[in-house]
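Colleague: One structure coming up, written as structure tokens, with questions to follow.
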Amino acid sequence: MTEEPKKTVPPEAKWYVVHTQAGYEQKTKTSLEQRIKTLGFEKFVFEIIIPMKDVITIKQGKKKQIKEKLFPGYILVNMVLDDDSWLVVRTTEGVTGFVGAGNKPTPISEKEVEAIMKFTRDEAPKFKAKFSKGEAVKIIDGPFTDFLGTVQSVDEDQGKVKVLISIFGRETPIDLDFLQIQKI
């Protein structure tokens, strides 16, 4: 297996935000990569990225780590923009347009791309909270099973919630894991 030589990216290549049909980012990226290869535009389009982040969701009482798109409906493309390369990208199936002022695509700065990429690489996956303050919940695990309560606060980083429950006629806050409660 031979390793592909690293593409040299010319200094005039810029990052552009391309709008796609929502939910079809991966399909659009694949179509665009195939089209670039078929039409011989490898010297104009260098990298296509769907910015994604690891998050933890809780479904049916189970924690699950998934990749979530940071910008649904958008992909980042590093390319040298001219009329031909613009047309190749613009007419690819799934692409609905470039983000920019008027009809002219506007590049984003290298600094913005670095910030996005750094955010996607951050270590600690976040919990995807399905709970919000003031929401009524039922406790499904622990010593307070079957108690009803109201979410007082949500800590997405830790996957914890503070729930107010009524014990002996008094509102009492208790800290619980996302897995221990469900929406009513």
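Following the order of the structure tokens, first chain is A, next is B, and so on, with residues numbered from 1 inside each chain and ligands from 1 in the order they appear.
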Within 12 Å of Thr96 (chain A), counting only C-alpha atoms, which residues show up once you throw out same-chain ones fewer than 5 positions away? Write them as a ChimeraX atom specification, please.
Modeller: /A:17-22,24-25,28,73-75,87,89-91
Colleague: When DSSP is applied to the backbone of this structure, which of chain A are assigned helix (DSSP H, G or I)? Write them out as a ChimeraX atom specification.
Modeller: /A:25-39,83-90,110-121,178-180
Colleague: Pick the closest to Met52 (chain A) from A:Thr120, A:Ser85, A:Ser109, A:Gln152: which is it, counting only C-alpha atoms?
Modeller: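 Using only C-alpha atoms, the shortest distance to Met52 (chain A) belongs to A:Thr120.
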Colleague: Which residues, written as a VMD selection string, have at least one atom at most 7 Å from Asp54 (chain A), with only C-alpha atoms counted and residues fewer than 2 positions away on the same chain left out?
Modeller: chain A and resid 52 56 65 to 68 125
Colleague: With C-alpha atoms retained, write the just-selected residues as a PDB file, in the first residue's frame.
Modeller:
```pdb
ATOM      1  CA  MET A  52     -18.008  17.556  13.720  1.00  0.00           C
ATOM      2  CA  ILE A  56     -22.680  12.153  24.534  1.00  0.00           C
ATOM      3  CA  GLN A  65     -21.096   8.877  22.045  1.00  0.00           C
ATOM      4  CA  ILE A  66     -21.949  10.304  18.629  1.00  0.00           C
ATOM      5  CA  LYS A  67     -20.439  12.765  16.191  1.00  0.00           C
ATOM      6  CA  GLU A  68     -22.568  15.864  15.817  1.00  0.00           C
ATOM      7  CA  PRO A 125     -17.098  15.136  24.822  1.00  0.00           C
TER       8      PRO A 125
END
```
Colleague: Would you mind listing what lies within 10 Å of Pro173 (chain A) as a list in words, with only C-alpha atoms counted and same-chain residues fewer than 4 positions away left out?
Modeller: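 Residues near the query, excluding close chain neighbours: Gly149, Thr150, Val151, Gln152, Ser153, Val161, Lys162, Val163, Leu164, Ile165, Ser166 and Ile167 of chain A.
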Colleague: Considering only C-alpha atoms, can you say which of A:Thr8, A:Thr172, A:Thr106, A:Thr57 comes closest to Val45 (chain A)?
Modeller: A:Thr8
